[in-house]
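What follows is a single structure, written as structure tokens, with notes after it.
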Amino acid sequence: MTSADLVLPPTDQQTPTAALLQAPDAQALEMAIGDMHVLLEQHGYVVAVYPSAIPPAHERRLYSVRSVLESDRIALVKVDLPPLGVAVLVRQLRQLSICDFSPGVVASAARLLTHYIHAGALLHSVTRFDRVPVDLRTHAKSWVPGSQFAVVAGPEPQLVRVGPKADPPTGPEFGTHLMTAKGQSQSEWVKETLAPAWQVQAIHESALPSESPAWWGTGKLVEFAAYLPDISVLYQLVSSVRRENCHWCGMDLIGDRCGFCSSPLPAAENRMHSAGVLSHEALAPPLS
């Protein structure tokens, strides 16, 4: 992981923690190479998950370390999720790492699991927000004192103005927990309105990641992420997807791209079970 505040506490005593891959201004290259070598010696493989919004220099550092070590046992997994969503995903991968999945399956599972994380935020302004298309009318409304907007960045982008007569964004159709992190906002809308509308089974609180204000364009926010908390459901989800062998590096994978070398599957092999692992019914029934 590339930031300590993206490492959520483990869900149980078996869930391992995550190693921190520091930025160039915090650690010399020689030390970074040494730390990665130790991780490889201890664990055999490394799945390095990092958000797409990290500084380019930090991303280049990750590739430099892998290049110097000339290792095919390091997966660099770039994730296009908001910071709290990244933290939730990383913990899910930590949960899966103790299951009987190969490193290749764990690495490629990151792309699959992002489809089941509903990540968003309650914003008091969208004037500096550019992650989801915002029209001029909505920008104009953001100047009205007291305006609030509910934004969902994924799996499907949504933006609605919060109000007594406005419906919350569309949420997951399966049982989830909700992780929340408050910035400079005292609003309880996420807990009092969004959580019941999404029928979440539990609400958890976390510190706001340091990257969140920049990602959302404002510090007046409440970030949230609905996710699958049960390791048995995560296991069922990942194990139900057809496994392939990467034709380039030979690693196991699920989906359409290798998590280690990023090589896509040939078109004829790019398929899943006909039952459709991405269907909500495959996970858990909607809450009554």
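Order determines the names: the first chain of the structure tokens is A, the second B, and so forth; residues in each chain are numbered 1 upward, and ligands are numbered 1 upward as they are shown.
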
Next on the checklist: Which residues are near A:Glu70? Cut-off 12 Å, only C-alpha atoms, ignore same chain within fewer than 4 positions. Put them as a ChimeraX atom specification.
Outcome noted: /A:33,36-37,63-66,74

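Of the listed residues A:Val200, A:Leu221, A:Leu21, A:Ala166, the one whose atoms come nearest to A:Ala4 is A:Leu21, with distances taken using only C-alpha atoms.
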
Checklist entry - If you run DSSP on the backbone, which residues of stretch 23-205 of chain A are alpha helix (DSSP H), as number ranges by chain? => result A: 29-43, 56-69, 83-96, 103-113, 136-141, 189, 195-198

The selected residues should be written to file as a PDB file, in the first residue's frame (atoms: C-alpha atoms).
ATOM      1  CA  LEU A  29      15.551   4.194  -3.654  1.00  0.00           C
ATOM      2  CA  GLU A  30      18.103   1.842  -2.134  1.00  0.00           C
ATOM      3  CA  MET A  31      15.973   1.441   0.994  1.00  0.00           C
ATOM      4  CA  ALA A  32      12.826   0.868  -1.066  1.00  0.00           C
ATOM      5  CA  ILE A  33      14.572  -1.849  -3.055  1.00  0.00           C
ATOM      6  CA  GLY A  34      15.799  -3.463   0.148  1.00  0.00           C
ATOM      7  CA  ASP A  35      12.343  -3.425   1.724  1.00  0.00           C
ATOM      8  CA  MET A  36      10.775  -4.984  -1.361  1.00  0.00           C
ATOM      9  CA  HIS A  37      13.460  -7.679  -1.428  1.00  0.00           C
ATOM     10  CA  VAL A  38      12.666  -8.544   2.195  1.00  0.00           C
ATOM     11  CA  LEU A  39       8.948  -8.777   1.394  1.00  0.00           C
ATOM     12  CA  LEU A  40       9.652 -11.146  -1.485  1.00  0.00           C
ATOM     13  CA  GLU A  41      11.899 -13.296   0.687  1.00  0.00           C
ATOM     14  CA  GLN A  42       9.278 -13.467   3.441  1.00  0.00           C
ATOM     15  CA  HIS A  43       6.134 -13.951   1.387  1.00  0.00           C
ATOM     16  CA  PRO A  56       3.558  10.286 -10.905  1.00  0.00           C
ATOM     17  CA  ALA A  57       6.895  10.169  -9.087  1.00  0.00           C
ATOM     18  CA  HIS A  58       5.497   7.653  -6.606  1.00  0.00           C
ATOM     19  CA  GLU A  59       4.180   5.455  -9.394  1.00  0.00           C
ATOM     20  CA  ARG A  60       7.535   5.615 -11.196  1.00  0.00           C
ATOM     21  CA  ARG A  61       9.215   4.559  -7.953  1.00  0.00           C
ATOM     22  CA  LEU A  62       7.104   1.374  -7.835  1.00  0.00           C
ATOM     23  CA  TYR A  63       8.058   0.472 -11.390  1.00  0.00           C
ATOM     24  CA  SER A  64      11.704   1.334 -10.746  1.00  0.00           C
ATOM     25  CA  VAL A  65      11.868  -0.997  -7.760  1.00  0.00           C
ATOM     26  CA  ARG A  66      10.331  -3.849  -9.738  1.00  0.00           C
ATOM     27  CA  SER A  67      12.672  -3.181 -12.665  1.00  0.00           C
ATOM     28  CA  VAL A  68      15.817  -3.132 -10.526  1.00  0.00           C
ATOM     29  CA  LEU A  69      14.864  -6.385  -8.817  1.00  0.00           C
ATOM     30  CA  PRO A  83      -9.282   6.912  -1.284  1.00  0.00           C
ATOM     31  CA  LEU A  84     -11.696   5.259   1.161  1.00  0.00           C
ATOM     32  CA  GLY A  85     -12.769   2.814  -1.550  1.00  0.00           C
ATOM     33  CA  VAL A  86      -9.120   1.910  -2.126  1.00  0.00           C
ATOM     34  CA  ALA A  87      -8.688   1.254   1.598  1.00  0.00           C
ATOM     35  CA  VAL A  88     -11.735  -1.033   1.626  1.00  0.00           C
ATOM     36  CA  LEU A  89     -10.486  -2.921  -1.440  1.00  0.00           C
ATOM     37  CA  VAL A  90      -7.036  -3.418   0.055  1.00  0.00           C
ATOM     38  CA  ARG A  91      -8.549  -4.923   3.190  1.00  0.00           C
ATOM     39  CA  GLN A  92     -10.659  -7.297   1.095  1.00  0.00           C
ATOM     40  CA  LEU A  93      -7.521  -8.451  -0.739  1.00  0.00           C
ATOM     41  CA  ARG A  94      -5.820  -8.917   2.618  1.00  0.00           C
ATOM     42  CA  GLN A  95      -8.734 -11.149   3.634  1.00  0.00           C
ATOM     43  CA  LEU A  96      -8.443 -13.183   0.436  1.00  0.00           C
ATOM     44  CA  PRO A 103      -1.082 -14.808  -5.933  1.00  0.00           C
ATOM     45  CA  GLY A 104      -2.230 -14.331  -9.527  1.00  0.00           C
ATOM     46  CA  VAL A 105      -5.875 -14.797  -8.600  1.00  0.00           C
ATOM     47  CA  VAL A 106      -5.585 -12.410  -5.639  1.00  0.00           C
ATOM     48  CA  ALA A 107      -3.963  -9.754  -7.830  1.00  0.00           C
ATOM     49  CA  SER A 108      -6.518 -10.025 -10.627  1.00  0.00           C
ATOM     50  CA  ALA A 109      -9.385 -10.138  -8.110  1.00  0.00           C
ATOM     51  CA  ALA A 110      -8.823  -6.424  -7.455  1.00  0.00           C
ATOM     52  CA  ARG A 111     -10.486  -5.489 -10.756  1.00  0.00           C
ATOM     53  CA  LEU A 112     -13.442  -7.756 -10.013  1.00  0.00           C
ATOM     54  CA  LEU A 113     -14.034  -6.464  -6.486  1.00  0.00           C
ATOM     55  CA  LEU A 136     -23.212  24.114 -15.208  1.00  0.00           C
ATOM     56  CA  ARG A 137     -26.577  24.093 -13.460  1.00  0.00           C
ATOM     57  CA  THR A 138     -25.265  21.874 -10.692  1.00  0.00           C
ATOM     58  CA  HIS A 139     -22.150  24.028 -10.382  1.00  0.00           C
ATOM     59  CA  ALA A 140     -24.374  27.085  -9.991  1.00  0.00           C
ATOM     60  CA  LYS A 141     -26.392  25.374  -7.248  1.00  0.00           C
ATOM     61  CA  TRP A 189     -27.023  12.566   6.121  1.00  0.00           C
ATOM     62  CA  ALA A 195     -27.505   4.023   5.115  1.00  0.00           C
ATOM     63  CA  PRO A 196     -31.226   3.178   5.590  1.00  0.00           C
ATOM     64  CA  ALA A 197     -31.911   3.717   1.874  1.00  0.00           C
ATOM     65  CA  TRP A 198     -29.104   1.319   0.986  1.00  0.00           C
TER      66      TRP A 198
END

Next on the checklist: Quick one: residues within 6 Å of A:Val151, only C-alpha atoms, excluding same-chain residues fewer than 4 positions away - as a ChimeraX atom specification?
Outcome noted: /A:120-121,158-159

Next on the checklist: Quick check, in Å to one decimal: how far apart do atom CA of A:Val160 and atom CA of A:Gln148 lie?
Outcome noted: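 Separation between atom CA of A:Val160 and atom CA of A:Gln148: 8.8 Å.
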
Checklist entry - Out of A:Val222, A:Ile117, A:Ser97, A:Phe129, which residue has the shortest atom-to-atom distance to A:Gln14 when counting only C-alpha atoms? => result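 The closest residue to A:Gln14 is A:Ser97.
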
Checklist entry - Looking at A:Leu81, A:Leu122, A:Ala181, A:Leu228, which one is nearest to A:Gln201, with distances taken over only C-alpha atoms? => result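 Nearest to A:Gln201: A:Leu228.
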
Checklist entry - How would you write, as a ChimeraX atom specification, the set of residues in stretch 152-190 of chain A that DSSP gives as strand (DSSP E)? => result /A:152-154,158-161,177-182

Output N, CA and C atoms for every residue in the selection just made, as a PDB file, in the first residue's frame.
ATOM      1  N   VAL A 152     -21.586   9.448  -6.138  1.00  0.00           N
ATOM      2  CA  VAL A 152     -21.071   8.081  -6.169  1.00  0.00           C
ATOM      3  C   VAL A 152     -20.126   7.982  -7.355  1.00  0.00           C
ATOM      4  N   ALA A 153     -18.865   7.660  -7.086  1.00  0.00           N
ATOM      5  CA  ALA A 153     -17.862   7.585  -8.152  1.00  0.00           C
ATOM      6  C   ALA A 153     -17.880   6.234  -8.852  1.00  0.00           C
ATOM      7  N   GLY A 154     -18.276   5.192  -8.173  1.00  0.00           N
ATOM      8  CA  GLY A 154     -18.316   3.875  -8.774  1.00  0.00           C
ATOM      9  C   GLY A 154     -19.141   2.932  -7.935  1.00  0.00           C
ATOM     10  N   GLN A 158     -22.737   8.750 -10.222  1.00  0.00           N
ATOM     11  CA  GLN A 158     -24.016   9.394  -9.922  1.00  0.00           C
ATOM     12  C   GLN A 158     -23.747  10.686  -9.170  1.00  0.00           C
ATOM     13  N   LEU A 159     -24.608  11.658  -9.374  1.00  0.00           N
ATOM     14  CA  LEU A 159     -24.524  12.912  -8.625  1.00  0.00           C
ATOM     15  C   LEU A 159     -25.941  13.442  -8.445  1.00  0.00           C
ATOM     16  N   VAL A 160     -26.343  13.610  -7.181  1.00  0.00           N
ATOM     17  CA  VAL A 160     -27.665  14.156  -6.886  1.00  0.00           C
ATOM     18  C   VAL A 160     -27.531  15.235  -5.829  1.00  0.00           C
ATOM     19  N   ARG A 161     -28.401  16.240  -5.921  1.00  0.00           N
ATOM     20  CA  ARG A 161     -28.432  17.266  -4.893  1.00  0.00           C
ATOM     21  C   ARG A 161     -29.254  16.754  -3.717  1.00  0.00           C
ATOM     22  N   HIS A 177     -21.831  -3.643   4.290  1.00  0.00           N
ATOM     23  CA  HIS A 177     -21.505  -2.749   5.392  1.00  0.00           C
ATOM     24  C   HIS A 177     -21.116  -1.405   4.787  1.00  0.00           C
ATOM     25  N   LEU A 178     -21.214  -0.363   5.588  1.00  0.00           N
ATOM     26  CA  LEU A 178     -20.879   0.979   5.112  1.00  0.00           C
ATOM     27  C   LEU A 178     -19.750   1.554   5.951  1.00  0.00           C
ATOM     28  N   MET A 179     -18.652   1.919   5.293  1.00  0.00           N
ATOM     29  CA  MET A 179     -17.535   2.601   5.943  1.00  0.00           C
ATOM     30  C   MET A 179     -17.687   4.093   5.692  1.00  0.00           C
ATOM     31  N   THR A 180     -17.575   4.906   6.743  1.00  0.00           N
ATOM     32  CA  THR A 180     -17.687   6.354   6.599  1.00  0.00           C
ATOM     33  C   THR A 180     -16.453   7.034   7.184  1.00  0.00           C
ATOM     34  N   ALA A 181     -16.139   8.213   6.645  1.00  0.00           N
ATOM     35  CA  ALA A 181     -15.003   9.004   7.132  1.00  0.00           C
ATOM     36  C   ALA A 181     -15.353  10.477   6.982  1.00  0.00           C
ATOM     37  N   LYS A 182     -15.352  11.187   8.083  1.00  0.00           N
ATOM     38  CA  LYS A 182     -15.760  12.589   8.065  1.00  0.00           C
ATOM     39  C   LYS A 182     -14.583  13.524   7.851  1.00  0.00           C
TER      40      LYS A 182
END
